[in-house]
$ cat upload_24.cif   # mmCIF, C-alpha atoms (C1' of nucleotides)
data_run
#
loop_
_atom_site.label_atom_id
_atom_site.label_comp_id
_atom_site.auth_asym_id
_atom_site.auth_seq_id
_atom_site.Cartn_x
_atom_site.Cartn_y
_atom_site.Cartn_z
CA MET A 1 -17.01 11.05 18.13
CA ASP A 2 -18.82 8.04 19.49
CA SER A 3 -17.73 5.57 22.12
CA ARG A 4 -16.31 3.07 19.67
CA SER A 5 -14.08 5.76 18.26
CA THR A 6 -12.80 6.90 21.62
CA ALA A 7 -12.29 3.30 22.65
CA ALA A 8 -10.29 2.73 19.51
CA LEU A 9 -8.09 5.74 20.21
CA GLU A 10 -7.64 4.62 23.78
CA ARG A 11 -6.61 1.18 22.65
CA LEU A 12 -4.17 2.72 20.24
CA ARG A 13 -2.64 4.85 22.95
CA ARG A 14 -2.36 1.96 25.36
CA ALA A 15 -0.52 -0.07 22.77
CA GLY A 16 2.12 2.64 22.59
CA GLY A 17 0.76 4.01 19.36
CA ARG A 18 0.33 7.65 18.60
CA VAL A 19 -2.91 9.44 18.21
CA THR A 20 -2.51 11.52 15.11
CA PRO A 21 -5.08 13.67 13.37
CA GLN A 22 -5.02 11.27 10.45
CA ARG A 23 -5.88 8.36 12.67
CA ARG A 24 -8.68 10.26 14.29
CA ILE A 25 -10.05 11.03 10.88
CA VAL A 26 -9.86 7.45 9.70
CA ILE A 27 -11.54 6.17 12.83
CA GLU A 28 -14.20 8.81 12.62
CA ALA A 29 -14.81 7.93 9.00
CA LEU A 30 -15.08 4.29 9.89
CA SER A 31 -17.62 4.94 12.59
CA THR A 32 -19.85 7.15 10.48
CA ALA A 33 -19.61 5.35 7.16
CA GLY A 34 -22.40 2.88 7.69
CA PRO A 35 -22.20 -0.66 8.98
CA HIS A 36 -20.05 -2.20 6.29
CA PRO A 37 -17.81 0.30 4.57
CA SER A 38 -15.24 -1.01 2.15
CA ALA A 39 -11.69 0.19 2.34
CA ASP A 40 -12.36 2.80 -0.20
CA ASP A 41 -15.66 3.90 1.22
CA VAL A 42 -13.56 4.78 4.21
CA ALA A 43 -10.89 6.33 2.04
CA ALA A 44 -13.47 8.39 0.18
CA ARG A 45 -14.97 9.64 3.40
CA VAL A 46 -11.55 10.54 4.67
CA ALA A 47 -10.76 12.34 1.46
CA ASP A 48 -13.97 14.33 1.86
CA VAL A 49 -12.90 15.91 5.07
CA ALA A 50 -9.16 15.79 4.63
CA PRO A 51 -7.96 15.28 1.08
CA GLU A 52 -4.35 15.55 2.15
CA VAL A 53 -4.52 12.26 4.02
CA HIS A 54 -2.86 9.74 1.79
CA LEU A 55 -4.50 6.54 0.69
CA SER A 56 -1.70 4.45 2.08
CA THR A 57 -2.19 6.10 5.45
CA VAL A 58 -5.77 4.94 5.43
CA TYR A 59 -4.72 1.40 4.68
CA ARG A 60 -1.99 1.49 7.27
CA THR A 61 -4.31 2.79 9.91
CA LEU A 62 -6.88 0.18 9.10
CA ASN A 63 -4.20 -2.50 9.35
CA THR A 64 -2.91 -1.16 12.60
CA LEU A 65 -6.38 -1.15 14.08
CA ALA A 66 -6.92 -4.66 12.83
CA GLU A 67 -3.74 -5.80 14.54
CA LEU A 68 -4.92 -4.28 17.75
CA GLY A 69 -8.17 -6.14 17.43
CA VAL A 70 -10.21 -2.96 17.23
CA VAL A 71 -11.53 -3.47 13.75
CA THR A 72 -11.74 -6.44 11.45
CA HIS A 73 -12.31 -6.89 7.79
CA VAL A 74 -14.39 -9.35 5.90
CA HIS A 75 -13.76 -10.41 2.34
CA LEU A 76 -16.89 -10.29 0.27
CA ASP A 77 -16.20 -11.00 -3.29
CA HIS A 78 -13.47 -10.69 -5.80
CA GLY A 79 -11.52 -7.73 -4.50
CA ARG A 80 -14.14 -6.30 -2.19
CA SER A 81 -13.62 -6.29 1.52
CA VAL A 82 -15.38 -4.36 4.23
CA TYR A 83 -14.21 -3.12 7.58
CA HIS A 84 -16.06 -2.69 10.81
CA PHE A 85 -15.43 -2.39 14.50
CA VAL A 86 -15.07 -5.63 16.35
CA GLY A 87 -18.24 -6.04 18.32
CA ALA A 88 -21.24 -8.20 17.85
CA ASN A 89 -20.16 -11.74 17.18
CA GLY A 90 -21.68 -13.80 14.47
CA ALA A 91 -20.76 -14.18 10.85
CA HIS A 92 -21.50 -12.02 7.84
CA LEU A 93 -23.75 -12.99 5.03
CA VAL A 94 -23.48 -11.39 1.66
CA CYS A 95 -26.08 -11.60 -1.07
CA ARG A 96 -24.66 -12.78 -4.34
CA SER A 97 -27.22 -10.86 -6.33
CA CYS A 98 -27.63 -7.50 -4.71
CA GLY A 99 -24.52 -7.37 -2.58
CA VAL A 100 -26.30 -6.55 0.64
CA VAL A 101 -24.49 -7.59 3.79
CA ALA A 102 -26.27 -9.03 6.80
CA HIS A 103 -25.23 -10.30 10.19
CA LEU A 104 -25.82 -13.81 11.35
CA PRO A 105 -26.86 -13.61 15.01
CA ALA A 106 -24.31 -14.92 17.45
CA ASP A 107 -26.49 -17.70 18.80
CA THR A 108 -27.23 -19.07 15.35
CA PHE A 109 -23.58 -18.77 14.52
CA HIS A 110 -22.63 -20.75 17.57
CA SER A 111 -25.00 -23.57 16.90
CA VAL A 112 -23.84 -23.71 13.32
CA SER A 113 -20.28 -23.64 14.43
CA ARG A 114 -20.88 -26.55 16.80
CA LYS A 115 -22.41 -28.60 14.03
CA VAL A 116 -19.48 -27.95 11.74
CA ALA A 117 -17.04 -28.86 14.49
CA GLU A 118 -18.81 -32.15 15.08
CA ALA A 119 -18.73 -33.02 11.42
CA THR A 120 -15.21 -31.95 10.55
CA GLY A 121 -13.24 -30.86 13.60
CA PHE A 122 -12.98 -27.39 12.18
CA ALA A 123 -13.51 -24.50 14.55
CA LEU A 124 -15.19 -21.75 12.57
CA GLY A 125 -14.04 -18.22 13.09
CA HIS A 126 -16.62 -15.57 12.47
CA GLY A 127 -14.31 -13.07 10.94
CA HIS A 128 -12.53 -12.66 7.67
CA PHE A 129 -15.06 -14.23 5.39
CA ALA A 130 -18.61 -13.61 4.51
CA TRP A 131 -20.84 -16.50 3.62
CA SER A 132 -22.43 -16.01 0.30
CA GLY A 133 -26.00 -16.74 -0.58
CA SER A 134 -29.14 -14.94 -1.56
CA CYS A 135 -30.98 -12.50 0.59
CA PRO A 136 -34.73 -12.80 1.08
CA ASP A 137 -35.32 -10.11 -1.53
CA CYS A 138 -33.46 -11.90 -4.29
CA ALA A 139 -34.00 -15.23 -5.99
CA PRO A 140 -32.92 -18.41 -4.23
CA ALA A 141 -29.24 -19.21 -4.48
CA ASP A 142 -27.98 -21.23 -7.37
CA SER A 143 -25.08 -23.56 -6.77
CA MET B 1 -7.92 -38.09 -19.24
CA ASP B 2 -10.46 -38.90 -16.57
CA SER B 3 -14.24 -38.76 -16.76
CA ARG B 4 -14.53 -35.28 -15.35
CA SER B 5 -12.25 -34.00 -18.06
CA THR B 6 -14.11 -35.69 -20.86
CA ALA B 7 -17.41 -34.51 -19.39
CA ALA B 8 -16.06 -30.98 -19.31
CA LEU B 9 -15.01 -31.15 -22.94
CA GLU B 10 -18.36 -32.61 -23.87
CA ARG B 11 -20.16 -29.80 -22.09
CA LEU B 12 -18.01 -27.31 -23.87
CA ARG B 13 -18.81 -28.80 -27.23
CA ARG B 14 -22.52 -28.94 -26.50
CA ALA B 15 -22.51 -25.27 -25.62
CA GLY B 16 -21.18 -24.49 -29.06
CA GLY B 17 -17.68 -23.99 -27.77
CA ARG B 18 -14.58 -25.24 -29.45
CA VAL B 19 -12.34 -27.92 -28.16
CA THR B 20 -8.87 -26.60 -28.61
CA PRO B 21 -5.58 -28.12 -27.50
CA GLN B 22 -5.19 -25.30 -24.99
CA ARG B 23 -8.50 -26.05 -23.39
CA ARG B 24 -7.69 -29.71 -23.20
CA ILE B 25 -4.46 -28.86 -21.47
CA VAL B 26 -6.11 -26.54 -18.97
CA ILE B 27 -8.78 -29.08 -18.14
CA GLU B 28 -6.22 -31.83 -17.83
CA ALA B 29 -4.14 -29.64 -15.54
CA LEU B 30 -7.16 -28.90 -13.43
CA SER B 31 -8.03 -32.53 -13.03
CA THR B 32 -4.54 -33.63 -12.06
CA ALA B 33 -3.49 -30.71 -9.90
CA GLY B 34 -4.91 -31.92 -6.64
CA PRO B 35 -8.25 -31.16 -5.07
CA HIS B 36 -7.92 -27.39 -4.66
CA PRO B 37 -5.53 -25.85 -7.13
CA SER B 38 -5.30 -22.09 -7.25
CA ALA B 39 -5.43 -20.30 -10.55
CA ASP B 40 -1.72 -20.24 -10.77
CA ASP B 41 -1.24 -23.81 -9.66
CA VAL B 42 -3.23 -24.57 -12.76
CA ALA B 43 -1.27 -22.05 -14.78
CA ALA B 44 2.03 -23.50 -13.59
CA ARG B 45 0.94 -27.00 -14.47
CA VAL B 46 -0.13 -25.85 -17.88
CA ALA B 47 3.17 -24.07 -18.38
CA ASP B 48 4.98 -27.28 -17.50
CA VAL B 49 3.55 -29.20 -20.38
CA ALA B 50 2.91 -26.33 -22.78
CA PRO B 51 4.77 -23.13 -22.01
CA GLU B 52 3.37 -21.46 -25.09
CA VAL B 53 -0.12 -21.39 -23.62
CA HIS B 54 -0.67 -17.88 -22.43
CA LEU B 55 -1.67 -17.02 -18.90
CA SER B 56 -4.71 -15.12 -20.07
CA THR B 57 -5.85 -18.20 -21.98
CA VAL B 58 -5.76 -20.14 -18.76
CA TYR B 59 -7.90 -17.54 -17.04
CA ARG B 60 -10.28 -17.31 -19.93
CA THR B 61 -10.70 -21.05 -20.08
CA LEU B 62 -11.30 -21.21 -16.37
CA ASN B 63 -13.91 -18.47 -16.66
CA THR B 64 -15.58 -20.15 -19.58
CA LEU B 65 -15.80 -23.41 -17.70
CA ALA B 66 -17.16 -21.56 -14.71
CA GLU B 67 -19.89 -20.01 -16.84
CA LEU B 68 -20.83 -23.43 -18.12
CA GLY B 69 -21.11 -24.67 -14.58
CA VAL B 70 -18.32 -27.19 -15.02
CA VAL B 71 -15.94 -25.72 -12.52
CA THR B 72 -16.29 -23.23 -9.74
CA HIS B 73 -13.89 -21.17 -7.74
CA VAL B 74 -13.77 -20.40 -4.09
CA HIS B 75 -12.13 -17.34 -2.61
CA LEU B 76 -9.88 -18.23 0.26
CA ASP B 77 -7.99 -15.29 1.50
CA HIS B 78 -6.61 -12.07 0.26
CA GLY B 79 -6.02 -12.77 -3.40
CA ARG B 80 -6.10 -16.52 -3.26
CA SER B 81 -8.81 -18.44 -4.95
CA VAL B 82 -8.99 -22.08 -5.86
CA TYR B 83 -10.78 -23.89 -8.65
CA HIS B 84 -12.33 -27.29 -8.77
CA PHE B 85 -14.84 -29.26 -10.74
CA VAL B 86 -18.41 -28.86 -9.66
CA GLY B 87 -19.36 -32.05 -7.94
CA ALA B 88 -19.79 -32.89 -4.31
CA ASN B 89 -22.01 -30.31 -2.70
CA GLY B 90 -21.18 -28.75 0.63
CA ALA B 91 -19.10 -25.77 1.50
CA HIS B 92 -15.37 -25.29 1.78
CA LEU B 93 -13.54 -24.71 5.00
CA VAL B 94 -10.15 -23.10 5.05
CA CYS B 95 -7.78 -23.10 7.99
CA ARG B 96 -6.63 -19.65 8.88
CA SER B 97 -3.35 -20.94 10.23
CA CYS B 98 -2.11 -23.58 7.87
CA GLY B 99 -4.25 -22.85 4.85
CA VAL B 100 -5.52 -26.36 4.44
CA VAL B 101 -8.85 -26.65 2.66
CA ALA B 102 -11.53 -29.12 3.67
CA HIS B 103 -15.01 -29.98 2.50
CA LEU B 104 -18.05 -29.64 4.66
CA PRO B 105 -20.25 -32.68 3.96
CA ALA B 106 -23.43 -31.91 2.09
CA ASP B 107 -25.76 -33.07 4.84
CA THR B 108 -24.10 -30.88 7.44
CA PHE B 109 -24.16 -28.04 5.01
CA HIS B 110 -27.85 -28.47 4.44
CA SER B 111 -28.73 -28.48 8.07
CA VAL B 112 -26.58 -25.43 8.65
CA SER B 113 -28.13 -23.76 5.70
CA ARG B 114 -31.63 -24.43 7.05
CA LYS B 115 -30.70 -22.89 10.39
CA VAL B 116 -29.33 -19.79 8.75
CA ALA B 117 -32.42 -19.46 6.62
CA GLU B 118 -34.65 -19.67 9.67
CA ALA B 119 -32.69 -17.01 11.45
CA THR B 120 -32.15 -14.55 8.64
CA GLY B 121 -34.03 -15.54 5.51
CA PHE B 122 -30.73 -15.91 3.71
CA ALA B 123 -30.34 -18.91 1.44
CA LEU B 124 -26.71 -19.95 1.65
CA GLY B 125 -24.94 -20.94 -1.51
CA HIS B 126 -22.13 -23.38 -1.10
CA GLY B 127 -19.90 -21.92 -3.71
CA HIS B 128 -17.70 -18.90 -4.04
CA PHE B 129 -16.60 -18.57 -0.48
CA ALA B 130 -14.76 -20.65 1.97
CA TRP B 131 -15.60 -20.42 5.62
CA SER B 132 -12.57 -19.67 7.64
CA GLY B 133 -11.63 -21.22 10.91
CA SER B 134 -9.00 -23.47 12.37
CA CYS B 135 -8.45 -27.03 11.37
CA PRO B 136 -8.13 -29.73 14.02
CA ASP B 137 -4.34 -29.62 13.74
CA CYS B 138 -4.06 -25.94 14.52
CA ALA B 139 -5.01 -23.87 17.52
CA PRO B 140 -8.64 -22.90 18.06
CA ALA B 141 -9.81 -19.95 16.01
CA ASP B 142 -9.55 -16.51 17.46
CA SER B 143 -12.24 -14.01 16.63
"C1'" DT C 1 8.11 23.89 28.90
"C1'" DC C 2 11.70 21.93 26.06
"C1'" DT C 3 14.08 17.97 24.10
"C1'" DA C 4 14.93 13.88 21.99
"C1'" DC C 5 13.32 9.63 20.51
"C1'" DT C 6 10.91 7.18 17.33
"C1'" DA C 7 6.32 6.22 15.41
"C1'" DT C 8 3.79 7.91 11.58
"C1'" DT C 9 3.06 10.30 7.34
"C1'" DG C 10 3.20 11.57 2.36
"C1'" DC C 11 4.92 10.28 -1.67
"C1'" DG C 12 5.68 7.67 -5.65
"C1'" DA C 13 7.27 3.37 -7.23
"C1'" DC C 14 5.96 -1.06 -7.09
"C1'" DC C 15 3.44 -5.71 -6.78
"C1'" DA C 16 -0.05 -9.47 -7.47
"C1'" DG C 17 -3.68 -11.16 -9.61
"C1'" DG C 18 -6.39 -10.63 -13.15
"C1'" DT C 19 -8.73 -8.41 -17.53
"C1'" DC C 20 -9.00 -6.37 -22.20
"C1'" DG C 21 -8.59 -5.20 -27.15
"C1'" DC C 22 -6.70 -6.48 -31.17
"C1'" DA C 23 -5.12 -9.03 -35.11
"C1'" DC C 24 -4.04 -13.65 -36.42
"C1'" DG C 25 -4.94 -18.50 -36.61
"C1'" DA C 26 -7.58 -22.68 -36.21
"C1'" DC C 27 -12.14 -25.34 -35.16
"C1'" DC C 28 -15.87 -27.56 -37.16
"C1'" DG C 29 -20.62 -27.39 -39.59
"C1'" DT C 30 -21.74 -27.85 -44.08
"C1'" DA D 1 -12.42 -28.20 -48.68
"C1'" DC D 2 -14.19 -23.83 -47.16
"C1'" DG D 3 -15.04 -20.03 -44.45
"C1'" DG D 4 -17.42 -17.84 -40.57
"C1'" DT D 5 -16.42 -16.98 -36.17
"C1'" DC D 6 -14.59 -18.49 -31.83
"C1'" DG D 7 -10.32 -18.79 -29.37
"C1'" DT D 8 -5.49 -17.50 -28.82
"C1'" DG D 9 -1.19 -14.88 -28.02
"C1'" DC D 10 0.40 -10.69 -26.92
"C1'" DG D 11 1.16 -6.73 -24.36
"C1'" DA D 12 -0.99 -2.85 -22.25
"C1'" DC D 13 -3.77 -1.96 -18.65
"C1'" DC D 14 -6.65 -2.05 -14.23
"C1'" DT D 15 -7.71 -2.60 -9.24
"C1'" DG D 16 -6.66 -2.99 -4.74
"C1'" DG D 17 -3.11 -2.80 -1.95
"C1'" DT D 18 2.02 -2.55 -0.13
"C1'" DC D 19 6.77 -0.67 0.47
"C1'" DG D 20 10.99 2.17 1.21
"C1'" DC D 21 12.43 6.52 2.18
"C1'" DA D 22 13.04 11.13 3.95
"C1'" DA D 23 10.57 14.50 6.53
"C1'" DT D 24 7.33 15.44 10.26
"C1'" DA D 25 5.24 15.38 14.60
"C1'" DG D 26 3.32 12.87 19.01
"C1'" DT D 27 4.83 11.83 23.64
"C1'" DA D 28 7.55 10.69 27.63
"C1'" DG D 29 10.74 12.45 30.59
"C1'" DA D 30 13.81 16.07 32.53
#
$ encode --input "upload_24.cif" --output "structure tokens"
Amino acid sequence: MDSRSTAALERLRRAGGRVTPQRRIVIEALSTAGPHPSADDVAARVADVAPEVHLSTVYRTLNTLAELGVVTHVHLDHGRSVYHFVGANGAHLVCRSCGVVAHLPADTFHSVSRKVAEATGFALGHGHFAWSGSCPDCAPADS
Amino acid sequence: MDSRSTAALERLRRAGGRVTPQRRIVIEALSTAGPHPSADDVAARVADVAPEVHLSTVYRTLNTLAELGVVTHVHLDHGRSVYHFVGANGAHLVCRSCGVVAHLPADTFHSVSRKVAEATGFALGHGHFAWSGSCPDCAPADS
DNA sequence: TCTACTATTGCGACCAGGTCGCACGACCGT
DNA sequence: ACGGTCGTGCGACCTGGTCGCAATAGTAGA
């Protein structure tokens, strides 16, 4: 159980939530499932160690953690979305060809964000959506 | 029937596709349904003038047009996606609070894109995903 | 430690948005 | 005008996720 997991549980407890075995399992799964697990990567991992934990419990836990600001999810493509602990700022980039997900460093994100704000007044948030494009290993992006 | 619509039909014909009344109706609906109609805005508009046109026909037409490069769709949020004719370059911005959709001007997009490429090697595409944030009329974005 | 309160769970039904396979009908090149 | 074949309508189906309910089980307080 790493520090992000214990922090998550702590946050949960402080918010008046209950620390249940299921929640421990979901959090544990989230922290060991690689950097960008989708909802059902997490669910699958949970099912591995505790098949009796219901799918809807996984979703509910993920939602609860999202409400507490502990985790966040990013929509990738039609129907896919990945979860991860809130931490490093910066946006997500997803490759349209191979599906790989990368982080945009916070400083680059901020300068980009400033530019966009100047042009449009929009304040970019770094969560919720990945920016799509092509990773260095795939062909240049089309439209 | 505006020029984008006739161009779309022309493209369709050139690709060996057939110009059917249903497709005309879908294209017409798309061109008159405002700048960022969702799939079912389009469907609703189609149903208004021709209730016998089936929902799946609307989707299929939209997909066909997307394959031909005539229209494109942008994912906004959980389950929402909007269609529009391919035209002005630049990305889409969507406000997390009020849902309004704005265009990022092409020149800003290009400079942003260059920055991102320098930092990560990723070539951003301007389609398929909106960038989320807060519009000038709403509060600043959270994380 | 025991109790009671209430958050959480498991379950299955349900929902939204979209896709598919099939048989029929209609474009459109010739 | 003909006919091959693309497109359509239809309904079943799929994915990813949510909901309401009764039962269970954390947790605070005595």
$ calpha_fit_and_write --input "upload_24.cif" --fixed "chain B" --moving "chain A" --output "short mmCIF file (atom, residue, chain, number, x, y, z; two decimals) with C-alpha atoms, in the coordinates of the input"
data_model
loop_
_atom_site.label_atom_id
_atom_site.label_comp_id
_atom_site.auth_asym_id
_atom_site.auth_seq_id
_atom_site.Cartn_x
_atom_site.Cartn_y
_atom_site.Cartn_z
CA MET A 1 -7.95 -38.04 -19.19
CA ASP A 2 -10.52 -38.87 -16.57
CA SER A 3 -14.28 -38.74 -16.78
CA ARG A 4 -14.59 -35.25 -15.36
CA SER A 5 -12.29 -33.98 -18.06
CA THR A 6 -14.16 -35.66 -20.88
CA ALA A 7 -17.44 -34.48 -19.40
CA ALA A 8 -16.08 -30.96 -19.32
CA LEU A 9 -15.04 -31.14 -22.97
CA GLU A 10 -18.40 -32.58 -23.89
CA ARG A 11 -20.17 -29.78 -22.10
CA LEU A 12 -18.00 -27.29 -23.88
CA ARG A 13 -18.81 -28.80 -27.24
CA ARG A 14 -22.51 -28.91 -26.54
CA ALA A 15 -22.50 -25.25 -25.66
CA GLY A 16 -21.14 -24.46 -29.11
CA GLY A 17 -17.64 -23.95 -27.82
CA ARG A 18 -14.55 -25.26 -29.47
CA VAL A 19 -12.32 -27.93 -28.15
CA THR A 20 -8.84 -26.61 -28.58
CA PRO A 21 -5.58 -28.14 -27.46
CA GLN A 22 -5.17 -25.32 -24.97
CA ARG A 23 -8.50 -26.08 -23.39
CA ARG A 24 -7.70 -29.74 -23.17
CA ILE A 25 -4.48 -28.88 -21.45
CA VAL A 26 -6.13 -26.56 -18.96
CA ILE A 27 -8.80 -29.10 -18.13
CA GLU A 28 -6.25 -31.84 -17.80
CA ALA A 29 -4.18 -29.66 -15.52
CA LEU A 30 -7.20 -28.90 -13.43
CA SER A 31 -8.07 -32.54 -13.02
CA THR A 32 -4.59 -33.65 -12.04
CA ALA A 33 -3.54 -30.70 -9.90
CA GLY A 34 -4.94 -31.90 -6.62
CA PRO A 35 -8.29 -31.11 -5.06
CA HIS A 36 -7.94 -27.38 -4.66
CA PRO A 37 -5.56 -25.83 -7.14
CA SER A 38 -5.34 -22.08 -7.27
CA ALA A 39 -5.47 -20.29 -10.56
CA ASP A 40 -1.77 -20.25 -10.77
CA ASP A 41 -1.27 -23.79 -9.64
CA VAL A 42 -3.24 -24.58 -12.74
CA ALA A 43 -1.29 -22.08 -14.78
CA ALA A 44 2.00 -23.51 -13.55
CA ARG A 45 0.93 -27.02 -14.43
CA VAL A 46 -0.13 -25.86 -17.84
CA ALA A 47 3.16 -24.09 -18.34
CA ASP A 48 4.96 -27.31 -17.44
CA VAL A 49 3.54 -29.21 -20.33
CA ALA A 50 2.91 -26.38 -22.72
CA PRO A 51 4.77 -23.17 -21.97
CA GLU A 52 3.38 -21.51 -25.06
CA VAL A 53 -0.12 -21.43 -23.60
CA HIS A 54 -0.64 -17.91 -22.42
CA LEU A 55 -1.67 -17.03 -18.91
CA SER A 56 -4.69 -15.15 -20.10
CA THR A 57 -5.82 -18.23 -21.99
CA VAL A 58 -5.77 -20.15 -18.75
CA TYR A 59 -7.89 -17.53 -17.05
CA ARG A 60 -10.26 -17.33 -19.96
CA THR A 61 -10.70 -21.05 -20.08
CA LEU A 62 -11.31 -21.21 -16.39
CA ASN A 63 -13.91 -18.47 -16.72
CA THR A 64 -15.57 -20.15 -19.63
CA LEU A 65 -15.81 -23.40 -17.73
CA ALA A 66 -17.19 -21.56 -14.75
CA GLU A 67 -19.88 -20.00 -16.90
CA LEU A 68 -20.83 -23.40 -18.17
CA GLY A 69 -21.12 -24.63 -14.63
CA VAL A 70 -18.36 -27.18 -15.07
CA VAL A 71 -15.97 -25.72 -12.57
CA THR A 72 -16.32 -23.23 -9.77
CA HIS A 73 -13.93 -21.17 -7.77
CA VAL A 74 -13.80 -20.40 -4.12
CA HIS A 75 -12.17 -17.35 -2.62
CA LEU A 76 -9.93 -18.24 0.26
CA ASP A 77 -8.07 -15.29 1.50
CA HIS A 78 -6.73 -12.03 0.30
CA GLY A 79 -6.09 -12.73 -3.36
CA ARG A 80 -6.13 -16.50 -3.23
CA SER A 81 -8.84 -18.44 -4.94
CA VAL A 82 -9.03 -22.08 -5.87
CA TYR A 83 -10.80 -23.86 -8.66
CA HIS A 84 -12.35 -27.27 -8.80
CA PHE A 85 -14.87 -29.25 -10.76
CA VAL A 86 -18.44 -28.82 -9.70
CA GLY A 87 -19.37 -32.00 -7.94
CA ALA A 88 -19.81 -32.85 -4.33
CA ASN A 89 -21.99 -30.26 -2.68
CA GLY A 90 -21.14 -28.77 0.63
CA ALA A 91 -19.07 -25.77 1.53
CA HIS A 92 -15.34 -25.30 1.81
CA LEU A 93 -13.51 -24.68 5.01
CA VAL A 94 -10.13 -23.08 5.06
CA CYS A 95 -7.77 -23.06 8.00
CA ARG A 96 -6.61 -19.61 8.91
CA SER A 97 -3.33 -20.90 10.26
CA CYS A 98 -2.09 -23.54 7.90
CA GLY A 99 -4.21 -22.81 4.86
CA VAL A 100 -5.50 -26.33 4.45
CA VAL A 101 -8.82 -26.63 2.67
CA ALA A 102 -11.49 -29.09 3.71
CA HIS A 103 -14.96 -29.96 2.53
CA LEU A 104 -18.02 -29.64 4.67
CA PRO A 105 -20.20 -32.67 3.96
CA ALA A 106 -23.38 -31.92 2.08
CA ASP A 107 -25.71 -33.09 4.83
CA THR A 108 -24.05 -30.90 7.44
CA PHE A 109 -24.10 -28.05 4.99
CA HIS A 110 -27.79 -28.48 4.43
CA SER A 111 -28.69 -28.51 8.06
CA VAL A 112 -26.55 -25.47 8.63
CA SER A 113 -28.09 -23.78 5.68
CA ARG A 114 -31.58 -24.46 7.03
CA LYS A 115 -30.68 -22.94 10.36
CA VAL A 116 -29.31 -19.83 8.73
CA ALA A 117 -32.41 -19.50 6.58
CA GLU A 118 -34.64 -19.72 9.62
CA ALA A 119 -32.69 -17.05 11.43
CA THR A 120 -32.16 -14.58 8.61
CA GLY A 121 -34.01 -15.58 5.46
CA PHE A 122 -30.73 -15.95 3.66
CA ALA A 123 -30.31 -18.95 1.41
CA LEU A 124 -26.68 -19.98 1.62
CA GLY A 125 -24.91 -20.97 -1.54
CA HIS A 126 -22.10 -23.41 -1.12
CA GLY A 127 -19.86 -21.93 -3.72
CA HIS A 128 -17.71 -18.89 -4.04
CA PHE A 129 -16.59 -18.55 -0.47
CA ALA A 130 -14.75 -20.65 1.96
CA TRP A 131 -15.57 -20.42 5.62
CA SER A 132 -12.55 -19.65 7.64
CA GLY A 133 -11.61 -21.21 10.92
CA SER A 134 -8.99 -23.46 12.38
CA CYS A 135 -8.42 -27.02 11.40
CA PRO A 136 -8.11 -29.72 14.04
CA ASP A 137 -4.32 -29.61 13.75
CA CYS A 138 -4.03 -25.93 14.54
CA ALA A 139 -4.97 -23.88 17.57
CA PRO A 140 -8.60 -22.94 18.12
CA ALA A 141 -9.81 -19.98 16.12
CA ASP A 142 -9.45 -16.53 17.52
CA SER A 143 -12.11 -13.99 16.69
#
$ residues_around --input "upload_24.cif" --residues "DG9 in chain D" --least-positions-apart "2" --cutoff "12 Å" --atoms "all atoms listed in the file" --output "JSON, numbers by chain"
{"B": [22, 51, 52, 53, 54, 55, 56, 57, 58], "C": [22, 23, 24, 25], "D": [7, 11]}
$ closest_atom_pairs --input "upload_24.cif" --of "chain D" --to "chain B" --cutoff "12 Å" --atoms "all atoms listed in the file" --output "tab-separated table"
residue	atom	partner	partner_atom	distance
D:DT5	C1'	B:Arg18	CA	10.8
D:DC6	C1'	B:Arg18	CA	7.2
D:DG7	C1'	B:Arg18	CA	7.7
D:DT8	C1'	B:Thr57	CA	6.9
D:DG9	C1'	B:His54	CA	6.4
D:DC10	C1'	B:His54	CA	8.5
D:DG11	C1'	B:Ser56	CA	11.1
D:DT15	C1'	B:Gly79	CA	11.8
D:DG16	C1'	B:Gly79	CA	9.9
D:DG17	C1'	B:His78	CA	10.2
$ residues_around --input "upload_24.cif" --residues "Thr120 in chain A" --least-positions-apart "2" --cutoff "9 Å" --atoms "all atoms listed in the file" --output "PyMOL selection string"
(chain A and resi 115-118+122-123) or (chain B and resi 102-105+135-136)
$ resolve_selection --input "upload_24.cif" --expression "the PyMOL selection byres ((chain B and resi 70) around 12)" --output "short mmCIF file (atom, residue, chain, number, x, y, z; two decimals) with C-alpha atoms, in the frame of the given file"
data_model
loop_
_atom_site.label_atom_id
_atom_site.label_comp_id
_atom_site.auth_asym_id
_atom_site.auth_seq_id
_atom_site.Cartn_x
_atom_site.Cartn_y
_atom_site.Cartn_z
CA SER A 143 -25.08 -23.56 -6.77
CA ARG B 4 -14.53 -35.28 -15.35
CA SER B 5 -12.25 -34.00 -18.06
CA THR B 6 -14.11 -35.69 -20.86
CA ALA B 7 -17.41 -34.51 -19.39
CA ALA B 8 -16.06 -30.98 -19.31
CA LEU B 9 -15.01 -31.15 -22.94
CA GLU B 10 -18.36 -32.61 -23.87
CA ARG B 11 -20.16 -29.80 -22.09
CA LEU B 12 -18.01 -27.31 -23.87
CA ALA B 15 -22.51 -25.27 -25.62
CA ILE B 27 -8.78 -29.08 -18.14
CA LEU B 30 -7.16 -28.90 -13.43
CA SER B 31 -8.03 -32.53 -13.03
CA THR B 61 -10.70 -21.05 -20.08
CA LEU B 62 -11.30 -21.21 -16.37
CA ASN B 63 -13.91 -18.47 -16.66
CA THR B 64 -15.58 -20.15 -19.58
CA LEU B 65 -15.80 -23.41 -17.70
CA ALA B 66 -17.16 -21.56 -14.71
CA GLU B 67 -19.89 -20.01 -16.84
CA LEU B 68 -20.83 -23.43 -18.12
CA GLY B 69 -21.11 -24.67 -14.58
CA VAL B 71 -15.94 -25.72 -12.52
CA THR B 72 -16.29 -23.23 -9.74
CA HIS B 73 -13.89 -21.17 -7.74
CA TYR B 83 -10.78 -23.89 -8.65
CA HIS B 84 -12.33 -27.29 -8.77
CA PHE B 85 -14.84 -29.26 -10.74
CA VAL B 86 -18.41 -28.86 -9.66
CA GLY B 87 -19.36 -32.05 -7.94
#
